[in-house]
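Enquirer: Got start.tsv for you, TSV, C-alpha atoms:
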```tsv
chain	number	residue	atom	x	y	z
A	15	GLY	CA	90.33	132.43	87.18
A	16	SER	CA	90.23	134.22	90.50
A	17	PRO	CA	86.85	135.65	91.49
A	18	PRO	CA	86.37	139.40	91.11
A	19	SER	CA	87.14	141.37	94.25
A	20	THR	CA	84.09	142.22	96.33
A	21	HIS	CA	83.75	145.85	97.32
A	22	ASN	CA	81.91	146.55	100.55
A	23	HIS	CA	79.83	149.63	99.81
A	24	ASN	CA	79.20	150.91	103.34
A	25	PRO	CA	79.26	154.71	103.14
A	26	GLN	CA	79.03	156.50	106.45
A	27	HIS	CA	75.74	158.37	106.32
A	28	THR	CA	75.54	161.62	108.30
A	29	THR	CA	72.93	161.25	111.01
A	30	HIS	CA	70.75	164.29	111.41
A	31	ASN	CA	69.20	165.00	114.80
A	32	ALA	CA	65.57	165.81	114.09
A	33	ASN	CA	65.31	167.60	117.46
A	34	ALA	CA	67.98	170.08	116.47
A	35	HIS	CA	65.42	172.04	114.49
A	36	ASN	CA	62.62	171.62	117.05
A	37	HIS	CA	62.66	175.18	118.32
A	38	THR	CA	60.50	176.21	121.24
A	39	ASN	CA	59.31	179.31	119.33
A	40	THR	CA	56.57	177.56	117.37
A	41	THR	CA	55.44	180.78	115.73
A	42	ARG	CA	58.71	181.12	113.82
A	43	THR	CA	58.20	180.74	110.09
A	44	GLN	CA	60.02	177.75	108.56
A	45	PRO	CA	62.25	178.59	105.60
A	46	THR	CA	60.85	177.62	102.20
A	47	MET	CA	62.80	176.16	99.29
A	48	GLY	CA	62.99	178.32	96.21
A	49	ASN	CA	61.94	177.03	92.80
A	50	SER	CA	65.52	176.92	91.52
A	51	ALA	CA	66.72	174.81	94.45
A	52	LEU	CA	63.78	172.42	94.02
A	53	GLY	CA	64.59	172.13	90.33
A	54	ASN	CA	68.18	171.22	91.17
A	55	VAL	CA	67.00	168.41	93.46
A	56	TYR	CA	64.75	166.99	90.73
A	57	ALA	CA	67.59	167.17	88.21
A	58	LEU	CA	69.90	165.32	90.59
A	59	LEU	CA	67.32	162.60	91.21
A	60	LEU	CA	66.78	162.19	87.46
A	61	LEU	CA	70.53	161.90	86.91
A	62	LEU	CA	70.80	159.21	89.57
A	63	VAL	CA	67.93	157.22	88.03
A	64	MET	CA	69.65	157.37	84.64
A	65	VAL	CA	73.21	156.59	85.78
A	66	ILE	CA	72.88	154.03	88.59
A	67	PRO	CA	71.34	151.16	86.55
A	68	ASN	CA	74.15	151.40	83.98
A	69	THR	CA	77.04	151.44	86.41
A	70	THR	CA	76.46	150.22	89.92
A	71	PHE	CA	74.70	146.93	89.22
A	72	SER	CA	76.46	145.64	86.08
A	73	ALA	CA	77.55	142.02	86.63
A	74	PRO	CA	81.11	140.94	85.76
A	75	ARG	CA	81.42	139.26	82.36
A	76	LYS	CA	81.58	135.48	82.41
A	77	LYS	CA	84.16	133.70	80.29
A	78	VAL	CA	82.79	131.69	77.39
A	79	ALA	CA	83.98	128.24	76.30
A	80	LEU	CA	82.75	126.42	73.20
A	81	ILE	CA	83.08	122.65	72.94
A	82	THR	CA	82.57	120.95	69.57
A	83	GLY	CA	80.96	117.52	69.76
A	84	GLY	CA	79.79	118.52	73.23
A	85	ASN	CA	76.55	116.54	73.26
A	86	LYS	CA	78.07	113.25	74.43
A	87	GLY	CA	81.16	111.42	75.61
A	88	ILE	CA	84.29	113.39	76.43
A	89	GLY	CA	82.84	116.62	75.04
A	90	LYS	CA	79.81	116.50	77.32
A	91	GLU	CA	82.01	115.82	80.35
A	92	ILE	CA	84.23	118.79	79.44
A	93	ALA	CA	81.10	120.96	79.21
A	94	ARG	CA	79.98	119.68	82.60
A	95	ARG	CA	83.28	120.55	84.28
A	96	ILE	CA	83.63	123.99	82.71
A	97	GLY	CA	79.95	124.86	83.17
A	98	THR	CA	80.20	124.30	86.92
A	99	GLU	CA	82.93	126.93	87.20
A	100	PRO	CA	81.21	130.06	88.58
A	101	ASP	CA	82.82	132.44	86.09
A	102	PHE	CA	82.24	130.33	82.96
A	103	THR	CA	79.50	129.62	80.45
A	104	ALA	CA	79.90	126.43	78.38
A	105	ILE	CA	78.45	126.22	74.87
A	106	ILE	CA	77.70	122.76	73.49
A	107	ALA	CA	78.15	122.70	69.70
A	108	CYS	CA	77.16	119.66	67.65
A	109	ARG	CA	75.63	118.53	64.36
A	110	ASP	CA	72.25	117.65	65.90
A	111	VAL	CA	70.88	120.63	67.83
A	112	GLU	CA	68.17	118.52	69.49
A	113	LEU	CA	70.77	116.11	70.92
A	114	GLY	CA	72.66	119.16	72.15
A	115	ARG	CA	69.55	120.50	73.87
A	116	VAL	CA	68.97	117.18	75.62
A	117	ALA	CA	72.60	117.09	76.78
A	118	ALA	CA	72.50	120.70	78.05
A	119	GLU	CA	69.24	120.08	79.89
A	120	ASP	CA	70.71	116.95	81.50
A	121	LEU	CA	73.77	118.88	82.69
A	122	ARG	CA	71.69	121.72	84.09
A	123	GLU	CA	69.12	119.58	85.88
A	124	ASN	CA	70.91	116.42	86.97
A	125	GLY	CA	74.36	117.55	88.00
A	126	GLU	CA	75.75	117.69	91.52
A	127	TYR	CA	76.50	121.40	91.06
A	128	ALA	CA	74.83	124.24	89.18
A	129	CYS	CA	75.98	124.11	85.56
A	130	ASP	CA	75.85	127.13	83.24
A	131	VAL	CA	75.63	125.37	79.88
A	132	VAL	CA	73.77	126.31	76.72
A	133	VAL	CA	73.41	124.68	73.32
A	134	LEU	CA	74.48	126.36	70.10
A	135	PRO	CA	71.10	126.65	68.32
A	136	ILE	CA	72.76	126.13	64.93
A	137	PRO	CA	74.05	122.77	63.66
A	138	LEU	CA	77.85	122.70	63.60
A	139	ASP	CA	79.17	120.28	60.99
A	140	LEU	CA	82.94	120.22	60.62
A	141	THR	CA	82.62	119.35	56.93
A	142	ASP	CA	80.26	122.27	56.21
A	143	THR	CA	81.99	125.66	56.08
A	144	ALA	CA	78.65	127.50	55.94
A	145	SER	CA	77.55	125.93	59.24
A	146	ILE	CA	80.87	126.87	60.83
A	147	ALA	CA	80.47	130.50	59.67
A	148	LYS	CA	76.90	130.66	61.02
A	149	ALA	CA	77.99	129.20	64.36
A	150	SER	CA	80.79	131.74	64.66
A	151	GLN	CA	78.41	134.58	63.81
A	152	TRP	CA	75.91	133.45	66.46
A	153	VAL	CA	78.58	133.37	69.18
A	154	GLU	CA	79.86	136.76	67.98
A	155	GLU	CA	76.43	138.34	68.33
A	156	GLU	CA	75.35	136.52	71.49
A	157	TYR	CA	78.52	137.03	73.54
A	158	GLY	CA	79.79	140.43	72.46
A	159	GLY	CA	82.38	139.21	69.99
A	160	THR	CA	84.62	137.46	72.52
A	161	LEU	CA	85.32	133.74	72.94
A	162	ASP	CA	87.73	132.72	75.70
A	163	VAL	CA	88.14	128.98	75.20
A	164	LEU	CA	87.73	126.80	72.10
A	165	ILE	CA	87.84	123.04	72.60
A	166	ASN	CA	88.05	121.13	69.33
A	167	ASN	CA	86.67	117.77	70.38
A	168	ALA	CA	84.44	116.63	67.49
A	169	ALA	CA	85.91	113.87	65.32
A	170	ILE	CA	85.11	110.75	63.33
A	171	CYS	CA	86.87	107.39	63.71
A	172	PHE	CA	86.29	104.24	61.68
A	173	ASN	CA	86.94	101.76	64.47
A	174	ASP	CA	84.33	99.81	62.51
A	175	PRO	CA	83.76	100.14	58.72
A	176	THR	CA	80.08	100.91	59.40
A	177	LEU	CA	80.69	103.09	62.48
A	178	TYR	CA	78.85	100.36	64.38
A	179	GLY	CA	75.84	100.35	62.11
A	180	LYS	CA	75.53	104.11	61.56
A	181	VAL	CA	76.75	104.25	57.93
A	182	GLU	CA	77.16	101.95	54.94
A	183	HIS	CA	80.22	99.70	54.96
A	184	THR	CA	83.14	102.00	54.17
A	185	PRO	CA	86.36	100.36	52.93
A	186	PHE	CA	89.72	101.74	54.07
A	187	GLU	CA	90.43	103.59	50.79
A	188	ALA	CA	87.14	105.47	51.21
A	189	GLN	CA	87.71	106.29	54.90
A	190	ALA	CA	90.68	108.59	54.34
A	191	ASP	CA	88.86	111.49	52.69
A	192	ILE	CA	86.01	111.87	55.21
A	193	THR	CA	88.33	111.27	58.19
A	194	ILE	CA	90.91	113.88	57.17
A	195	LYS	CA	88.22	116.29	55.97
A	196	THR	CA	86.47	116.10	59.36
A	197	ASN	CA	89.24	115.70	61.90
A	198	TYR	CA	91.96	117.86	60.37
A	199	PHE	CA	90.40	120.29	57.90
A	200	GLY	CA	87.23	120.67	60.01
A	201	THR	CA	89.25	121.45	63.14
A	202	LEU	CA	91.33	123.94	61.14
A	203	ALA	CA	88.22	125.65	59.73
A	204	VAL	CA	86.53	125.97	63.14
A	205	THR	CA	89.71	127.37	64.67
A	206	GLN	CA	90.26	129.93	61.90
A	207	SER	CA	86.61	131.02	62.14
A	208	PHE	CA	86.80	131.68	65.88
A	209	LEU	CA	90.34	133.13	66.01
A	210	PRO	CA	89.19	136.79	65.76
A	211	GLN	CA	86.91	136.28	68.79
A	212	LEU	CA	89.61	134.45	70.74
A	213	LYS	CA	92.04	137.32	70.11
A	214	LYS	CA	89.67	139.66	71.98
A	215	SER	CA	89.91	137.54	75.15
A	216	SER	CA	92.24	138.48	77.98
A	217	SER	CA	93.27	134.81	78.36
A	218	PRO	CA	92.50	132.89	75.14
A	219	ARG	CA	92.78	129.11	75.09
A	220	ILE	CA	92.55	126.50	72.32
A	221	ILE	CA	92.54	122.84	73.33
A	222	ASN	CA	92.64	120.27	70.55
A	223	ILE	CA	91.57	116.76	71.52
A	224	ALA	CA	94.10	114.40	69.99
A	225	SER	CA	94.99	110.77	70.69
A	226	ALA	CA	97.83	108.34	71.25
A	227	ALA	CA	96.80	107.06	67.81
A	228	GLY	CA	98.54	110.20	66.49
A	229	ARG	CA	101.94	109.45	68.06
A	230	LEU	CA	104.93	109.96	65.77
A	231	SER	CA	105.92	106.29	65.77
A	232	ILE	CA	102.99	105.36	63.52
A	233	LEU	CA	104.83	107.09	60.66
A	234	ARG	CA	107.06	104.62	58.82
A	235	SER	CA	109.20	107.24	57.08
A	236	GLN	CA	111.81	109.40	58.80
A	237	GLN	CA	111.24	112.01	56.11
A	238	LEU	CA	107.57	112.26	57.16
A	239	VAL	CA	108.57	112.51	60.83
A	240	ASP	CA	111.03	115.30	60.01
A	241	GLU	CA	108.43	117.20	57.97
A	242	PHE	CA	105.69	116.95	60.62
A	243	THR	CA	108.02	118.01	63.45
A	244	SER	CA	109.76	120.85	61.61
A	245	ASP	CA	109.58	124.19	63.42
A	246	ALA	CA	109.32	125.81	59.99
A	247	LEU	CA	106.18	123.87	59.00
A	248	THR	CA	103.29	126.11	57.93
A	249	VAL	CA	99.54	125.43	57.80
A	250	PRO	CA	99.48	125.37	53.96
A	251	GLN	CA	102.36	122.88	53.93
A	252	LEU	CA	100.69	120.70	56.56
A	253	SER	CA	97.38	120.79	54.70
A	254	LYS	CA	99.16	119.69	51.51
A	255	MET	CA	100.69	116.71	53.39
A	256	MET	CA	97.25	115.70	54.67
A	257	GLU	CA	95.85	115.90	51.12
A	258	GLU	CA	98.74	113.75	49.88
A	259	PHE	CA	97.91	111.06	52.45
A	260	VAL	CA	94.31	110.91	51.19
A	261	SER	CA	95.51	110.72	47.59
A	262	ASN	CA	98.05	108.01	48.44
A	263	VAL	CA	95.43	105.92	50.22
A	264	GLU	CA	93.02	106.24	47.33
A	265	ASP	CA	95.60	105.14	44.75
A	266	GLY	CA	97.01	102.39	47.00
A	267	THR	CA	100.53	103.83	47.40
A	268	HIS	CA	100.32	105.08	51.00
A	269	THR	CA	102.24	102.15	52.53
A	270	GLU	CA	105.25	102.43	50.23
A	271	LYS	CA	105.38	106.16	50.95
A	272	GLY	CA	105.67	105.63	54.70
A	273	TRP	CA	102.07	106.21	55.79
A	274	PRO	CA	100.39	103.85	58.28
A	275	ASN	CA	97.13	101.94	57.82
A	276	THR	CA	95.16	104.26	60.09
A	277	CYS	CA	93.26	107.26	58.78
A	278	TYR	CA	92.27	108.32	62.29
A	279	GLY	CA	95.89	108.14	63.45
A	280	VAL	CA	97.12	110.31	60.58
A	281	SER	CA	94.31	112.81	61.20
A	282	LYS	CA	95.49	113.16	64.80
A	283	VAL	CA	99.13	113.50	63.70
A	284	GLY	CA	97.80	116.43	61.67
A	285	VAL	CA	95.92	117.89	64.66
A	286	ILE	CA	99.01	117.74	66.90
A	287	ALA	CA	101.17	119.33	64.20
A	288	LEU	CA	98.51	122.00	63.67
A	289	THR	CA	98.51	122.74	67.40
A	290	ARG	CA	102.26	123.41	67.32
A	291	ILE	CA	101.97	125.71	64.30
A	292	LEU	CA	99.06	127.70	65.78
A	293	ALA	CA	100.99	128.13	69.03
A	294	ARG	CA	103.98	129.56	67.12
A	295	GLU	CA	101.77	131.88	65.09
A	296	ASN	CA	99.76	133.09	68.11
A	297	PRO	CA	102.25	133.53	70.97
A	298	GLU	CA	99.71	135.44	73.08
A	299	MET	CA	97.43	132.38	73.25
A	300	MET	CA	97.69	129.11	75.14
A	301	ILE	CA	97.20	126.41	72.49
A	302	ASN	CA	97.72	122.75	73.34
A	303	SER	CA	96.67	119.23	72.35
A	304	VAL	CA	95.43	116.55	74.73
A	305	ASP	CA	95.25	112.78	74.61
A	306	PRO	CA	92.21	111.97	76.81
A	307	GLY	CA	93.01	108.26	76.90
A	308	TYR	CA	91.01	105.32	75.53
A	309	CYS	CA	87.65	106.50	76.85
A	310	ARG	CA	84.37	104.61	76.73
A	311	THR	CA	82.45	106.48	74.02
A	312	ASP	CA	80.20	105.84	71.03
A	313	GLN	CA	83.32	106.18	68.89
A	314	ASN	CA	84.57	102.77	70.10
A	315	ASP	CA	81.16	101.27	70.89
A	316	ASN	CA	81.89	101.94	74.59
A	317	GLN	CA	84.74	99.44	74.61
A	318	GLY	CA	87.22	101.96	76.03
A	319	THR	CA	88.84	101.45	79.41
A	320	VAL	CA	88.77	105.08	80.65
A	321	ASP	CA	85.69	106.89	81.95
A	322	PRO	CA	84.96	110.02	79.86
A	323	SER	CA	84.84	112.05	83.09
A	324	LYS	CA	88.50	111.20	83.70
A	325	GLY	CA	89.38	111.89	80.07
A	326	SER	CA	87.81	115.34	80.34
A	327	TYR	CA	89.92	116.42	83.32
A	328	THR	CA	93.10	117.54	81.52
A	329	PRO	CA	91.23	119.59	78.87
A	330	TYR	CA	89.29	121.21	81.73
A	331	LEU	CA	92.50	122.08	83.60
A	332	LEU	CA	94.04	123.59	80.47
A	333	SER	CA	90.91	125.72	80.00
A	334	LEU	CA	91.39	127.28	83.43
A	335	MET	CA	95.18	127.30	83.77
A	336	GLU	CA	96.62	130.77	84.30
A	337	VAL	CA	100.14	132.08	83.81
A	338	ASP	CA	102.11	131.83	87.04
A	339	GLU	CA	103.27	135.44	87.32
A	340	GLU	CA	104.51	134.98	90.90
A	341	GLU	CA	107.25	132.69	89.63
A	342	GLY	CA	108.44	135.51	87.40
A	343	ASP	CA	107.87	133.31	84.35
A	344	ASP	CA	105.24	134.81	82.08
A	345	GLU	CA	105.90	132.31	79.27
A	346	LEU	CA	102.74	130.43	78.28
A	347	ASP	CA	102.56	126.65	78.31
A	348	SER	CA	101.70	126.45	74.63
A	349	GLY	CA	102.35	124.19	71.67
A	350	LEU	CA	102.54	121.18	73.99
A	351	HIS	CA	100.87	117.77	74.08
A	352	PHE	CA	99.31	116.49	77.32
A	353	TYR	CA	98.20	113.17	78.76
A	354	GLU	CA	96.81	112.60	82.28
A	355	GLU	CA	97.56	116.14	83.50
A	356	SER	CA	101.20	116.05	82.36
A	357	GLU	CA	103.12	116.99	79.27
A	358	MET	CA	103.64	113.99	76.99
A	359	PRO	CA	106.28	113.93	74.24
A	360	TRP	CA	104.81	113.43	70.79
A	361	SER	CA	106.93	110.31	70.51
A	362	TYR	CA	105.24	108.95	73.67
A	363	GLN	CA	108.73	108.06	74.90
A	364	LYS	CA	109.57	109.83	78.15
```
Step by step, read the file and then write its structure as structure tokens.

Expert:
Amino acid sequence: GSPPSTHNHNPQHTTHNANAHNHTNTTRTQPTMGNSALGNVYALLLLLVMVIPNTTFSAPRKKVALITGGNKGIGKEIARRIGTEPDFTAIIACRDVELGRVAAEDLRENGEYACDVVVLPIPLDLTDTASIAKASQWVEEEYGGTLDVLINNAAICFNDPTLYGKVEHTPFEAQADITIKTNYFGTLAVTQSFLPQLKKSSSPRIINIASAAGRLSILRSQQLVDEFTSDALTVPQLSKMMEEFVSNVEDGTHTEKGWPNTCYGVSKVGVIALTRILARENPEMMINSVDPGYCRTDQNDNQGTVDPSKGSYTPYLLSLMEVDEEEGDDELDSGLHFYEESEMPWSYQK
């Protein structure tokens, strides 16, 4: 956003010549101020003391961006970029508040530029609706009820059945429920919880971190493709489809029904479809999904080929992008999917 205009308060003070009243007749009695006039002066001074602090020196409001999963990887890099913008405050939200504090402290103290970043002092777990409600309430109370940017970055991905030693071995049929519950239903719950605050912003943004793993070509059924891409698709219908995938995986029928062998991929198909629906339902907001690329993160045991700083650049740009009113086109870039600073078709076929 453009910086607020700076007003140069330089009133022209009237200069009084002290010698003008220096009469040669020193015996002349100087006029005295009456009690009523003196009282008026005191009243004016009191009024100034009361009014000036509340008006003249109030700082312009900073925009507020919340990043889920902001304590590491792509999320932390997004927080770094946004936090260094002079008119933004970045909030790191994550399941482990202590890890969030360490990340925020690192960004504030070790960055090249000053970084306005804070940690949400409440654990945010995408599978825990109570934690989501508490997080939303804290932001509501702390920032006057307005959130300007929501970046849904937190996710789970079983690139390894044990998440590289972090959980017990989880077979494919058991991965579907927790993956869809976290990545799709968790993202939906966070978004719905913060929507009232976003609607109070003058330029609300939602950026959903997706993936090439969620490209349409992973679906092996044209009927599924048609359903996911339908402009008439609603959130309840989409949620039912995601529940059906979990059920089909658990009973072993997902392949014959056209689903792929990737729970993470299907969860991101759901996130991209959700982005399109939310954009239709909220035309005053800019709501988009982003593929950050195959970044080196804990999610893939740092085997990715893209630096998280590079992967964070497009989400950062979408957070700041304004409507180009000079072109006479006030239509928002919304309901789109992006990759490397450009729109990318969901099919990934340009």

Enquirer: Select, from A:Gly325, A:Gly284, A:Pro297, A:Pro135, the residue with the minimum atom-to-atom distance to Val111 of chain A, counting all atoms listed in the file.

Expert: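 The closest residue to Val111 of chain A is A:Pro135.
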
Enquirer: Nearest to Gly266 of chain A: which of A:Ala190, A:Ala168, A:Leu80, A:Leu134 is it, counting only C-alpha atoms?

Expert: A:Ala190

Enquirer: Grab the atom CA of Pro218 of chain A to atom CA of Tyr198 of chain A distance for me, in Å with one decimal place.

Expert: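 These two atoms are separated by 21.1 Å.
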
Enquirer: Which distance in Å separates atom CA of Glu354 of chain A and atom CA of Thr328 of chain A, to one decimal?

Expert: 6.2 Å

Enquirer: Restricting the calculation to only C-alpha atoms: of A:Leu331, A:Ile220, A:Ile88, A:Leu138, which residue gets closest to Cys108 of chain A?

Expert: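 Closest candidate: A:Leu138.
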
Enquirer: Which neighbours of segment 205-210 of chain A fall inside 7 Å, counting all atoms listed in the file, when residues of the same chain fewer than 4 positions from it are skipped, and could you give them as a list in words?

Expert: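 In the requested format, the answer is Ala147, Ser150, Thr201 and Lys214 of chain A.
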
Enquirer: Would you pick out the contacts of Glu119 of chain A at 10 Å or less, using only C-alpha atoms, so that residues sharing its chain but fewer than 5 positions from it are not included, and give the list as a compact mmCIF listing (two decimals) with C-alpha atoms, keeping the file's coordinate frame?

Expert:
```txt
# COMPACT_ATOMS: atom_id res chain seq x y z
CA LEU A 113 70.77 116.11 70.92
CA GLY A 114 72.66 119.16 72.15
CA ASN A 124 70.91 116.42 86.97
CA GLY A 125 74.36 117.55 88.00
CA CYS A 129 75.98 124.11 85.56
CA VAL A 131 75.63 125.37 79.88
CA VAL A 132 73.77 126.31 76.72
CA VAL A 133 73.41 124.68 73.32
```

Enquirer: Ranking A:Glu187, A:Leu230, A:Val204, A:Trp273 by minimum distance to Pro359 of chain A and counting all atoms listed in the file, which one comes first?

Expert: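 When distances to Pro359 of chain A are compared using all atoms listed in the file, the smallest one comes from A:Leu230.
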
Enquirer: I want to know what sits within 8 Å of Ile165 of chain A, based on all atoms listed in the file, with residues of the same chain fewer than 3 positions away left out; could you give that as a PyMOL selection string?

Expert: chain A and resi 79-82+220-223+329

Enquirer: Hey, can you check how far atom CA of Val304 of chain A sits from atom CA of Ser216 of chain A?

Expert: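 For atom CA of Val304 of chain A relative to atom CA of Ser216 of chain A, the distance reads 22.4 Å.
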
Enquirer: Taking (84.6, 104.1, 51.7) in the coordinates of the supplied file, I want to know which residues reach to within 12 Å of it, counting all atoms listed in the file; could you give the answer as a list of chain:residue names?

Expert: A:Phe172, A:Asp174, A:Pro175, A:Thr176, A:Leu177, A:Val181, A:Glu182, A:His183, A:Thr184, A:Pro185, A:Phe186, A:Glu187, A:Ala188, A:Gln189, A:Ala190, A:Asp191, A:Ile192, A:Thr193, A:Val260, A:Val263, A:Glu264, A:Cys277

Enquirer: Counting only C-alpha atoms, find residues at most 12 Å from (99.9, 110.3, 66.3) (file frame) and give them as a compact mmCIF listing (two decimals) with C-alpha atoms, keeping the file's coordinate frame.

Expert:
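Writing done, so here's result23.txt:
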```txt
# COMPACT_ATOMS: atom_id res chain seq x y z
CA ILE A 223 91.57 116.76 71.52
CA ALA A 224 94.10 114.40 69.99
CA SER A 225 94.99 110.77 70.69
CA ALA A 226 97.83 108.34 71.25
CA ALA A 227 96.80 107.06 67.81
CA GLY A 228 98.54 110.20 66.49
CA ARG A 229 101.94 109.45 68.06
CA LEU A 230 104.93 109.96 65.77
CA SER A 231 105.92 106.29 65.77
CA ILE A 232 102.99 105.36 63.52
CA LEU A 233 104.83 107.09 60.66
CA ARG A 234 107.06 104.62 58.82
CA VAL A 239 108.57 112.51 60.83
CA PHE A 242 105.69 116.95 60.62
CA THR A 243 108.02 118.01 63.45
CA TRP A 273 102.07 106.21 55.79
CA PRO A 274 100.39 103.85 58.28
CA THR A 276 95.16 104.26 60.09
CA CYS A 277 93.26 107.26 58.78
CA TYR A 278 92.27 108.32 62.29
CA GLY A 279 95.89 108.14 63.45
CA VAL A 280 97.12 110.31 60.58
CA SER A 281 94.31 112.81 61.20
CA LYS A 282 95.49 113.16 64.80
CA VAL A 283 99.13 113.50 63.70
CA GLY A 284 97.80 116.43 61.67
CA VAL A 285 95.92 117.89 64.66
CA ILE A 286 99.01 117.74 66.90
CA ALA A 287 101.17 119.33 64.20
CA SER A 303 96.67 119.23 72.35
CA VAL A 304 95.43 116.55 74.73
CA ASP A 305 95.25 112.78 74.61
CA HIS A 351 100.87 117.77 74.08
CA MET A 358 103.64 113.99 76.99
CA PRO A 359 106.28 113.93 74.24
CA TRP A 360 104.81 113.43 70.79
CA SER A 361 106.93 110.31 70.51
CA TYR A 362 105.24 108.95 73.67
```
